[in-house]
$ cat input_3.json   # JSON, C-alpha atoms
[["chain", "number", "residue", "atom", "x", "y", "z"],
["A", 85, "MET", "CA", 3.47, 96.08, -30.49],
["A", 86, "ARG", "CA", 7.04, 95.31, -31.54],
["A", 87, "PRO", "CA", 8.16, 96.27, -35.08],
["A", 88, "THR", "CA", 8.81, 92.61, -35.93],
["A", 89, "ALA", "CA", 5.31, 91.62, -34.79],
["A", 90, "GLU", "CA", 3.80, 94.52, -36.75],
["A", 91, "LYS", "CA", 5.70, 93.43, -39.86],
["A", 92, "SER", "CA", 4.55, 89.82, -39.46],
["A", 93, "LEU", "CA", 0.93, 90.91, -39.01],
["A", 94, "LEU", "CA", 1.15, 93.13, -42.10],
["A", 95, "VAL", "CA", 2.60, 90.27, -44.16],
["A", 96, "ILE", "CA", -0.17, 87.92, -43.01],
["A", 97, "CYS", "CA", -2.86, 90.49, -43.84],
["A", 98, "LEU", "CA", -1.42, 91.20, -47.29],
["A", 99, "LEU", "CA", -1.05, 87.49, -48.03],
["A", 100, "GLY", "CA", -4.62, 86.86, -46.89],
["A", 101, "LEU", "CA", -5.82, 89.66, -49.17],
["A", 102, "LEU", "CA", -3.93, 88.17, -52.12],
["A", 103, "LEU", "CA", -5.44, 84.74, -51.47],
["A", 104, "ILE", "CA", -8.96, 86.19, -51.29],
["A", 105, "VAL", "CA", -8.43, 88.12, -54.52],
["A", 106, "SER", "CA", -6.86, 85.08, -56.19],
["A", 107, "PHE", "CA", -9.77, 82.82, -55.27],
["A", 108, "SER", "CA", -12.41, 85.42, -56.20],
["A", 109, "ILE", "CA", -10.96, 86.11, -59.65],
["A", 110, "ARG", "CA", -10.69, 82.43, -60.50],
["A", 111, "ALA", "CA", -13.99, 81.35, -58.97],
["A", 112, "GLY", "CA", -15.69, 83.99, -61.11],
["A", 113, "GLY", "CA", -14.68, 82.02, -64.20],
["A", 114, "ALA", "CA", -15.83, 78.62, -62.95],
["A", 115, "SER", "CA", -19.13, 78.87, -64.83],
["A", 116, "PHE", "CA", -17.47, 80.10, -68.03],
["A", 117, "GLY", "CA", -19.17, 78.79, -71.17],
["A", 118, "PHE", "CA", -22.12, 77.06, -69.48],
["A", 119, "PRO", "CA", -24.20, 75.35, -70.75],
["A", 120, "LEU", "CA", -21.51, 74.80, -73.42],
["A", 121, "PHE", "CA", -18.19, 73.22, -72.47],
["A", 122, "THR", "CA", -15.55, 75.29, -74.18],
["A", 123, "HIS", "CA", -12.26, 73.64, -73.21],
["A", 124, "PRO", "CA", -11.30, 70.76, -75.56],
["A", 125, "ASP", "CA", -9.56, 68.72, -72.83],
["A", 126, "GLU", "CA", -12.06, 68.95, -69.98],
["A", 127, "PHE", "CA", -14.28, 66.10, -71.04],
["A", 128, "TYR", "CA", -11.39, 63.58, -70.98],
["A", 129, "VAL", "CA", -11.01, 63.95, -67.23],
["A", 130, "PHE", "CA", -14.66, 64.65, -66.46],
["A", 131, "ASP", "CA", -16.12, 61.80, -68.52],
["A", 132, "ALA", "CA", -13.70, 59.22, -67.13],
["A", 133, "ALA", "CA", -14.58, 60.31, -63.59],
["A", 134, "HIS", "CA", -18.31, 60.39, -64.39],
["A", 135, "ARG", "CA", -18.20, 56.86, -65.78],
["A", 136, "MET", "CA", -16.40, 55.62, -62.66],
["A", 137, "VAL", "CA", -19.16, 56.94, -60.41],
["A", 138, "GLU", "CA", -21.89, 55.59, -62.71],
["A", 139, "THR", "CA", -20.48, 52.09, -63.07],
["A", 140, "GLY", "CA", -18.29, 51.63, -60.00],
["A", 141, "ASP", "CA", -15.44, 50.54, -62.30],
["A", 142, "MET", "CA", -12.26, 52.34, -61.21],
["A", 143, "ASP", "CA", -10.37, 51.53, -64.43],
["A", 144, "PRO", "CA", -9.96, 54.87, -66.28],
["A", 145, "TYR", "CA", -9.54, 53.14, -69.70],
["A", 146, "PHE", "CA", -7.45, 56.19, -70.52],
["A", 147, "PHE", "CA", -3.74, 56.76, -69.94],
["A", 148, "ASN", "CA", -3.08, 59.89, -71.99],
["A", 149, "TYR", "CA", -3.22, 61.50, -68.56],
["A", 150, "PRO", "CA", -2.34, 59.76, -65.31],
["A", 151, "SER", "CA", -5.26, 58.95, -63.01],
["A", 152, "LEU", "CA", -4.91, 61.07, -59.87],
["A", 153, "MET", "CA", -6.95, 64.01, -61.18],
["A", 154, "ILE", "CA", -9.56, 61.61, -62.57],
["A", 155, "TYR", "CA", -9.94, 59.92, -59.19],
["A", 156, "ALA", "CA", -10.14, 63.31, -57.47],
["A", 157, "GLN", "CA", -12.92, 64.39, -59.83],
["A", 158, "ALA", "CA", -14.74, 61.08, -59.28],
["A", 159, "ALA", "CA", -14.63, 61.71, -55.52],
["A", 160, "ILE", "CA", -15.99, 65.22, -56.03],
["A", 161, "GLN", "CA", -18.83, 63.98, -58.24],
["A", 162, "TYR", "CA", -19.73, 61.25, -55.77],
["A", 163, "GLY", "CA", -19.67, 63.82, -52.98],
["A", 164, "CYS", "CA", -22.06, 65.98, -55.00],
["A", 165, "PHE", "CA", -24.39, 63.00, -55.37],
["A", 166, "LEU", "CA", -24.35, 62.23, -51.64],
["A", 167, "THR", "CA", -25.04, 65.88, -50.85],
["A", 168, "ALA", "CA", -27.91, 66.06, -53.35],
["A", 169, "ARG", "CA", -29.41, 62.81, -52.09],
["A", 170, "THR", "CA", -29.31, 64.02, -48.49],
["A", 171, "LYS", "CA", -30.54, 67.52, -49.27],
["A", 172, "ASP", "CA", -32.91, 67.12, -52.22],
["A", 173, "GLY", "CA", -33.57, 63.38, -52.30],
["A", 174, "ALA", "CA", -31.98, 62.83, -55.73],
["A", 175, "PRO", "CA", -32.88, 59.22, -56.62],
["A", 176, "SER", "CA", -29.81, 58.47, -58.74],
["A", 177, "PHE", "CA", -26.51, 59.88, -59.88],
["A", 178, "LYS", "CA", -27.84, 60.31, -63.43],
["A", 179, "ASP", "CA", -30.39, 62.84, -62.16],
["A", 180, "LEU", "CA", -27.69, 65.35, -61.24],
["A", 181, "PRO", "CA", -27.29, 68.22, -63.74],
["A", 182, "ILE", "CA", -24.01, 67.91, -65.62],
["A", 183, "THR", "CA", -23.32, 71.63, -65.23],
["A", 184, "ASP", "CA", -23.51, 71.30, -61.43],
["A", 185, "LEU", "CA", -20.90, 68.54, -61.51],
["A", 186, "TYR", "CA", -18.70, 70.56, -63.85],
["A", 187, "TYR", "CA", -19.00, 73.59, -61.59],
["A", 188, "ALA", "CA", -17.98, 71.61, -58.51],
["A", 189, "GLY", "CA", -15.05, 70.07, -60.39],
["A", 190, "ARG", "CA", -13.91, 73.46, -61.62],
["A", 191, "LEU", "CA", -14.06, 74.91, -58.11],
["A", 192, "PHE", "CA", -11.63, 72.19, -57.06],
["A", 193, "THR", "CA", -9.18, 73.50, -59.66],
["A", 194, "VAL", "CA", -9.79, 77.02, -58.34],
["A", 195, "LEU", "CA", -8.83, 75.85, -54.84],
["A", 196, "LEU", "CA", -5.65, 74.25, -56.18],
["A", 197, "ALA", "CA", -4.83, 77.47, -58.04],
["A", 198, "THR", "CA", -5.26, 79.48, -54.84],
["A", 199, "LEU", "CA", -3.05, 76.98, -53.02],
["A", 200, "SER", "CA", -0.37, 77.50, -55.68],
["A", 201, "VAL", "CA", -0.32, 81.22, -54.81],
["A", 202, "LEU", "CA", 0.26, 80.33, -51.15],
["A", 203, "LEU", "CA", 2.99, 77.86, -52.09],
["A", 204, "THR", "CA", 4.69, 80.46, -54.28],
["A", 205, "PHE", "CA", 4.74, 82.85, -51.33],
["A", 206, "TYR", "CA", 6.19, 80.15, -49.10],
["A", 207, "LEU", "CA", 8.93, 79.23, -51.58],
["A", 208, "ALA", "CA", 10.05, 82.82, -52.13],
["A", 209, "GLN", "CA", 9.90, 83.50, -48.39],
["A", 210, "ARG", "CA", 12.07, 80.48, -47.57],
["A", 211, "LEU", "CA", 14.60, 81.34, -50.27],
["A", 212, "MET", "CA", 14.57, 85.15, -49.88],
["A", 213, "ASN", "CA", 12.27, 87.00, -47.47],
["A", 214, "SER", "CA", 8.60, 87.76, -46.80],
["A", 215, "TRP", "CA", 8.44, 90.75, -49.13],
["A", 216, "MET", "CA", 9.80, 88.74, -52.02],
["A", 217, "GLY", "CA", 7.24, 86.10, -51.12],
["A", 218, "LEU", "CA", 4.44, 88.65, -51.36],
["A", 219, "THR", "CA", 5.81, 89.95, -54.66],
["A", 220, "ALA", "CA", 5.94, 86.45, -56.14],
["A", 221, "ALA", "CA", 2.44, 85.65, -54.86],
["A", 222, "ALA", "CA", 1.09, 88.91, -56.31],
["A", 223, "ILE", "CA", 2.63, 88.20, -59.72],
["A", 224, "LEU", "CA", 1.00, 84.77, -59.79],
["A", 225, "THR", "CA", -2.32, 86.12, -58.49],
["A", 226, "PHE", "CA", -2.68, 88.46, -61.47],
["A", 227, "SER", "CA", -0.96, 86.29, -64.09],
["A", 228, "SER", "CA", -3.35, 86.03, -67.04],
["A", 229, "LEU", "CA", -1.91, 82.66, -68.09],
["A", 230, "HIS", "CA", -2.38, 81.24, -64.60],
["A", 231, "ILE", "CA", -5.89, 82.66, -64.31],
["A", 232, "GLY", "CA", -6.85, 81.24, -67.70],
["A", 233, "HIS", "CA", -6.02, 77.69, -66.58],
["A", 234, "SER", "CA", -7.37, 78.04, -63.05],
["A", 235, "TYR", "CA", -11.03, 77.17, -63.59],
["A", 236, "PHE", "CA", -11.04, 74.19, -65.94],
["A", 237, "ILE", "CA", -11.11, 70.47, -65.15],
["A", 238, "THR", "CA", -7.73, 69.80, -66.72],
["A", 239, "VAL", "CA", -4.41, 68.49, -65.43],
["A", 240, "ASP", "CA", -2.17, 71.49, -66.16],
["A", 241, "LEU", "CA", -2.94, 73.71, -63.18],
["A", 242, "PRO", "CA", -3.18, 70.81, -60.69],
["A", 243, "MET", "CA", 0.19, 69.58, -61.94],
["A", 244, "SER", "CA", 1.80, 72.96, -61.33],
["A", 245, "THR", "CA", 0.45, 72.97, -57.78],
["A", 246, "ALA", "CA", 1.71, 69.43, -57.17],
["A", 247, "VAL", "CA", 5.13, 70.39, -58.56],
["A", 248, "LEU", "CA", 5.25, 73.37, -56.20],
["A", 249, "VAL", "CA", 4.57, 71.01, -53.27],
["A", 250, "ALA", "CA", 7.39, 68.76, -54.51],
["A", 251, "ILE", "CA", 9.78, 71.73, -54.73],
["A", 252, "VAL", "CA", 8.80, 72.83, -51.22],
["A", 253, "CYS", "CA", 9.67, 69.32, -50.01],
["A", 254, "SER", "CA", 13.04, 69.55, -51.77],
["A", 255, "ILE", "CA", 13.83, 72.89, -50.15],
["A", 256, "VAL", "CA", 12.84, 71.57, -46.72],
["A", 257, "LEU", "CA", 15.09, 68.56, -47.39],
["A", 258, "TYR", "CA", 18.03, 70.85, -48.10],
["A", 259, "GLN", "CA", 17.41, 73.24, -45.21],
["A", 260, "LYS", "CA", 16.69, 70.62, -42.53],
["A", 261, "GLY", "CA", 19.39, 68.20, -43.63],
["A", 262, "PRO", "CA", 19.59, 64.69, -45.07],
["A", 263, "ARG", "CA", 16.89, 62.89, -43.09],
["A", 264, "THR", "CA", 15.55, 59.62, -44.44],
["A", 265, "GLY", "CA", 11.95, 60.67, -43.82],
["A", 266, "LEU", "CA", 12.38, 63.83, -45.90],
["A", 267, "TYR", "CA", 13.82, 61.85, -48.81],
["A", 268, "LEU", "CA", 10.87, 59.45, -48.64],
["A", 269, "LEU", "CA", 8.33, 62.28, -48.41],
["A", 270, "ASN", "CA", 9.94, 64.15, -51.29],
["A", 271, "GLY", "CA", 9.92, 61.05, -53.48],
["A", 272, "LEU", "CA", 6.31, 60.22, -52.65],
["A", 273, "VAL", "CA", 5.12, 63.75, -53.45],
["A", 274, "ILE", "CA", 7.01, 63.73, -56.75],
["A", 275, "GLY", "CA", 5.31, 60.43, -57.58],
["A", 276, "PHE", "CA", 1.91, 61.97, -56.88],
["A", 277, "ALA", "CA", 2.81, 64.99, -59.03],
["A", 278, "ILE", "CA", 3.66, 62.67, -61.92],
["A", 279, "GLY", "CA", 0.32, 60.99, -61.18],
["A", 280, "VAL", "CA", -1.36, 64.28, -62.10],
["A", 281, "LYS", "CA", 0.54, 64.82, -65.36],
["A", 282, "TYR", "CA", 3.51, 62.94, -66.74],
["A", 283, "THR", "CA", 5.58, 66.05, -67.43],
["A", 284, "ALA", "CA", 5.89, 66.60, -63.66],
["A", 285, "ILE", "CA", 8.70, 64.05, -63.88],
["A", 286, "TRP", "CA", 11.09, 67.01, -64.20],
["A", 287, "SER", "CA", 10.40, 67.88, -60.54],
["A", 288, "ILE", "CA", 12.81, 65.04, -59.72],
["A", 289, "GLY", "CA", 15.50, 67.58, -60.54],
["A", 290, "ALA", "CA", 14.66, 69.62, -57.43],
["A", 291, "MET", "CA", 15.25, 66.64, -55.13],
["A", 292, "LEU", "CA", 18.48, 65.72, -56.92],
["A", 293, "LEU", "CA", 19.68, 69.33, -56.72],
["A", 294, "ALA", "CA", 18.90, 69.51, -53.00],
["A", 295, "HIS", "CA", 20.82, 66.26, -52.51],
["A", 296, "TYR", "CA", 23.77, 67.56, -54.53],
["A", 297, "TRP", "CA", 23.97, 70.73, -52.42],
["A", 298, "LEU", "CA", 23.94, 68.62, -49.27],
["A", 299, "HIS", "CA", 26.76, 66.54, -50.73],
["A", 300, "ARG", "CA", 28.78, 69.66, -51.58],
["A", 301, "GLU", "CA", 28.42, 70.78, -47.98],
["A", 302, "ARG", "CA", 29.75, 67.36, -46.92],
["A", 303, "LYS", "CA", 26.57, 66.47, -45.08],
["A", 304, "ILE", "CA", 25.97, 63.25, -47.01],
["A", 305, "SER", "CA", 27.67, 60.95, -49.51],
["A", 306, "LEU", "CA", 26.83, 61.24, -53.20],
["A", 307, "TYR", "CA", 25.01, 57.91, -53.50],
["A", 308, "PRO", "CA", 23.43, 57.09, -50.13],
["A", 309, "LYS", "CA", 20.69, 54.52, -49.60],
["A", 310, "ARG", "CA", 18.23, 57.19, -48.50],
["A", 311, "LEU", "CA", 18.42, 58.82, -51.95],
["A", 312, "LEU", "CA", 17.71, 55.47, -53.59],
["A", 313, "TRP", "CA", 14.74, 54.95, -51.27],
["A", 314, "GLY", "CA", 13.47, 58.41, -52.18],
["A", 315, "ILE", "CA", 13.69, 57.58, -55.88],
["A", 316, "LEU", "CA", 11.90, 54.28, -55.24],
["A", 317, "LEU", "CA", 9.09, 56.17, -53.48],
["A", 318, "ILE", "CA", 8.59, 58.17, -56.70],
["A", 319, "LEU", "CA", 7.49, 54.95, -58.39],
["A", 320, "VAL", "CA", 5.35, 54.01, -55.39],
["A", 321, "GLY", "CA", 3.60, 57.40, -55.44],
["A", 322, "PHE", "CA", 2.95, 57.19, -59.16],
["A", 323, "PHE", "CA", 1.51, 53.68, -59.06],
["A", 324, "ILE", "CA", -0.64, 54.51, -56.02],
["A", 325, "SER", "CA", -2.16, 57.36, -58.00],
["A", 326, "THR", "CA", -2.31, 55.46, -61.31],
["A", 327, "PRO", "CA", -2.69, 51.81, -60.25],
["A", 328, "TYR", "CA", -4.03, 50.51, -63.56],
["A", 329, "ALA", "CA", -0.73, 51.42, -65.20],
["A", 330, "LEU", "CA", 0.61, 48.29, -63.49],
["A", 331, "ILE", "CA", -2.30, 46.18, -64.68],
["A", 332, "LYS", "CA", -2.34, 47.52, -68.26],
["A", 333, "PRO", "CA", 1.24, 48.44, -69.17],
["A", 334, "ILE", "CA", 0.64, 48.01, -72.92],
["A", 335, "ALA", "CA", -2.28, 50.44, -72.87],
["A", 336, "LEU", "CA", -0.13, 52.85, -70.85],
["A", 337, "LEU", "CA", 2.71, 52.72, -73.39],
["A", 338, "LYS", "CA", 0.34, 53.16, -76.34],
["A", 339, "ASP", "CA", -1.23, 56.27, -74.83],
["A", 340, "LEU", "CA", 2.16, 57.64, -73.84],
["A", 341, "TYR", "CA", 3.38, 57.19, -77.41],
["A", 342, "PHE", "CA", 0.29, 59.00, -78.70],
["A", 343, "GLU", "CA", 0.96, 61.94, -76.37],
["A", 344, "PHE", "CA", 4.62, 62.00, -77.37],
["A", 345, "ALA", "CA", 3.64, 62.23, -81.04],
["A", 346, "HIS", "CA", 0.99, 64.81, -80.18],
["A", 347, "TYR", "CA", 3.50, 67.03, -78.39],
["A", 348, "ARG", "CA", 5.86, 66.83, -81.35],
["A", 349, "SER", "CA", 3.28, 67.58, -84.04],
["A", 350, "GLY", "CA", 0.99, 70.02, -82.24],
["A", 351, "HIS", "CA", -2.63, 70.45, -83.25],
["A", 352, "GLN", "CA", -4.93, 73.05, -84.75],
["A", 353, "GLY", "CA", -4.30, 76.40, -83.10],
["A", 354, "ILE", "CA", -1.42, 75.07, -81.00],
["A", 355, "ASP", "CA", 1.93, 74.88, -82.78],
["A", 356, "SER", "CA", 4.93, 73.12, -81.27],
["A", 357, "SER", "CA", 8.54, 73.83, -82.19],
["A", 358, "VAL", "CA", 8.35, 70.97, -84.70],
["A", 359, "SER", "CA", 4.66, 71.09, -85.59],
["A", 360, "TYR", "CA", 5.22, 70.42, -89.28],
["A", 361, "GLY", "CA", 3.85, 66.91, -88.69],
["A", 362, "TYR", "CA", 0.35, 68.28, -88.16],
["A", 363, "TYR", "CA", 0.44, 70.36, -91.34],
["A", 364, "TRP", "CA", 1.92, 67.49, -93.37],
["A", 365, "MET", "CA", -0.95, 65.28, -92.23],
["A", 366, "LYS", "CA", -3.50, 67.91, -93.28],
["A", 367, "LEU", "CA", -1.83, 68.42, -96.66],
["A", 368, "ARG", "CA", -1.95, 64.68, -97.35],
["A", 369, "ILE", "CA", -5.65, 64.60, -96.52],
["A", 370, "ALA", "CA", -6.38, 67.66, -98.67],
["A", 371, "PHE", "CA", -4.44, 66.58, -101.75]]

$ encode --input "input_3.json" --output "structure tokens"
Amino acid sequence: MRPTAEKSLLVICLLGLLLIVSFSIRAGGASFGFPLFTHPDEFYVFDAAHRMVETGDMDPYFFNYPSLMIYAQAAIQYGCFLTARTKDGAPSFKDLPITDLYYAGRLFTVLLATLSVLLTFYLAQRLMNSWMGLTAAAILTFSSLHIGHSYFITVDLPMSTAVLVAIVCSIVLYQKGPRTGLYLLNGLVIGFAIGVKYTAIWSIGAMLLAHYWLHRERKISLYPKRLLWGILLILVGFFISTPYALIKPIALLKDLYFEFAHYRSGHQGIDSSVSYGYYWMKLRIAF
């Protein structure tokens, strides 16, 4: 066997081992807290998805988060119902144990977390080399912060995975050159990432940076139509994933304003850089 082939096989084996370890560690926490639900944000996503399956109404009635993760959880819950009905003859969706639905939803987050390890490897490999890719993947595999968010039905971990996909698209755009299809794909993926959590909007910077580098290398003009089409696809991706934002723009703006104020003031146990608003509110109530 050639040295290059041996090196490639070793890299694949080590990466596979990291992915197995990553999934195992995170899947072990998927039942954390049962039968209690210990994360304060889980029920927002879970309950909206649960109501969709129960009623058939796809309106989330909730725009503090975008809707893509809610729809994904609704699909998982409906899949659990179909499986239970086929296997055990469950007469209705309401007969399914809530903990089973939570567990399935959490495993979806675990899968996304494992995917983020693979994407981290790919990014570092494309930018540096395979060994740096393995190092980056290993750091993320054993990151306590990443592990702690990897088995809850929340939007934070899925957003980070979606942002990694968007950054991968931006790097491919830069390395393969200014193709219209790559601009469109990059914009669409960024739109979907924003559809997971609004703060993913900053991933637009990766596409703009890739475009700027291409411009510096004189491969494309600074303001081409393909860039504008890519930016337009960001909006398309977002509204595909959060369609009721178009139907209920006032509700969207109200919930966005609430989240903006929430981020500025913080809440109990979570202090922001300007969290005095939370304490001022509590002092007014107390005195």

$ residues_around --input "input_3.json" --residues "Ser106 in chain A" --least-positions-apart "3" --cutoff "9 Å" --atoms "all atoms listed in the file" --output "PDB file with C-alpha atoms, in the frame of the given file"
ATOM      1  CA  LEU A 101      -5.820  89.660 -49.170  1.00  0.00           C
ATOM      2  CA  LEU A 102      -3.930  88.170 -52.120  1.00  0.00           C
ATOM      3  CA  LEU A 103      -5.440  84.740 -51.470  1.00  0.00           C
ATOM      4  CA  ILE A 109     -10.960  86.110 -59.650  1.00  0.00           C
ATOM      5  CA  ARG A 110     -10.690  82.430 -60.500  1.00  0.00           C
ATOM      6  CA  ALA A 111     -13.990  81.350 -58.970  1.00  0.00           C
ATOM      7  CA  VAL A 194      -9.790  77.020 -58.340  1.00  0.00           C
ATOM      8  CA  ALA A 197      -4.830  77.470 -58.040  1.00  0.00           C
ATOM      9  CA  THR A 198      -5.260  79.480 -54.840  1.00  0.00           C
ATOM     10  CA  VAL A 201      -0.320  81.220 -54.810  1.00  0.00           C
ATOM     11  CA  ALA A 222       1.090  88.910 -56.310  1.00  0.00           C
ATOM     12  CA  LEU A 224       1.000  84.770 -59.790  1.00  0.00           C
ATOM     13  CA  THR A 225      -2.320  86.120 -58.490  1.00  0.00           C
ATOM     14  CA  PHE A 226      -2.680  88.460 -61.470  1.00  0.00           C
ATOM     15  CA  ILE A 231      -5.890  82.660 -64.310  1.00  0.00           C
TER      16      ILE A 231
END

$ residues_around --input "input_3.json" --residues "Val273 in chain A" --least-positions-apart "4" --cutoff "8 Å" --atoms "all atoms listed in the file" --output "MDAnalysis selection string"
chainID A and resid 246 249:250 253 269 277 318 321

$ write_last_selection --input "input_3.json" --atoms "C-alpha atoms" --output "PDB file, in the coordinates of the input"
ATOM      1  CA  ALA A 246       1.710  69.430 -57.170  1.00  0.00           C
ATOM      2  CA  VAL A 249       4.570  71.010 -53.270  1.00  0.00           C
ATOM      3  CA  ALA A 250       7.390  68.760 -54.510  1.00  0.00           C
ATOM      4  CA  CYS A 253       9.670  69.320 -50.010  1.00  0.00           C
ATOM      5  CA  LEU A 269       8.330  62.280 -48.410  1.00  0.00           C
ATOM      6  CA  ALA A 277       2.810  64.990 -59.030  1.00  0.00           C
ATOM      7  CA  ILE A 318       8.590  58.170 -56.700  1.00  0.00           C
ATOM      8  CA  GLY A 321       3.600  57.400 -55.440  1.00  0.00           C
TER       9      GLY A 321
END

$ closest_residue --input "input_3.json" --among "A:Ile304, A:Ile182, A:Ala132, A:Ile331" --to "Arg263 in chain A" --atoms "only C-alpha atoms"
A:Ile304

$ residues_near_point --input "input_3.json" --point "(14.9, 61.9, -45.1)" --cutoff "9 Å" --atoms "only C-alpha atoms" --output "MDAnalysis selection string"
chainID A and resid 257 261:270 310:311 314

$ write_last_selection --input "input_3.json" --atoms "C-alpha atoms" --output "compact mmCIF listing (two decimals), keeping the file's coordinate frame"
# COMPACT_ATOMS: atom_id res chain seq x y z
CA LEU A 257 15.09 68.56 -47.39
CA GLY A 261 19.39 68.20 -43.63
CA PRO A 262 19.59 64.69 -45.07
CA ARG A 263 16.89 62.89 -43.09
CA THR A 264 15.55 59.62 -44.44
CA GLY A 265 11.95 60.67 -43.82
CA LEU A 266 12.38 63.83 -45.90
CA TYR A 267 13.82 61.85 -48.81
CA LEU A 268 10.87 59.45 -48.64
CA LEU A 269 8.33 62.28 -48.41
CA ASN A 270 9.94 64.15 -51.29
CA ARG A 310 18.23 57.19 -48.50
CA LEU A 311 18.42 58.82 -51.95
CA GLY A 314 13.47 58.41 -52.18

$ closest_residue --input "input_3.json" --among "A:Leu195, A:Ile160, A:Met216, A:Ile96" --to "Ala114 in chain A" --atoms "all atoms listed in the file"
A:Leu195
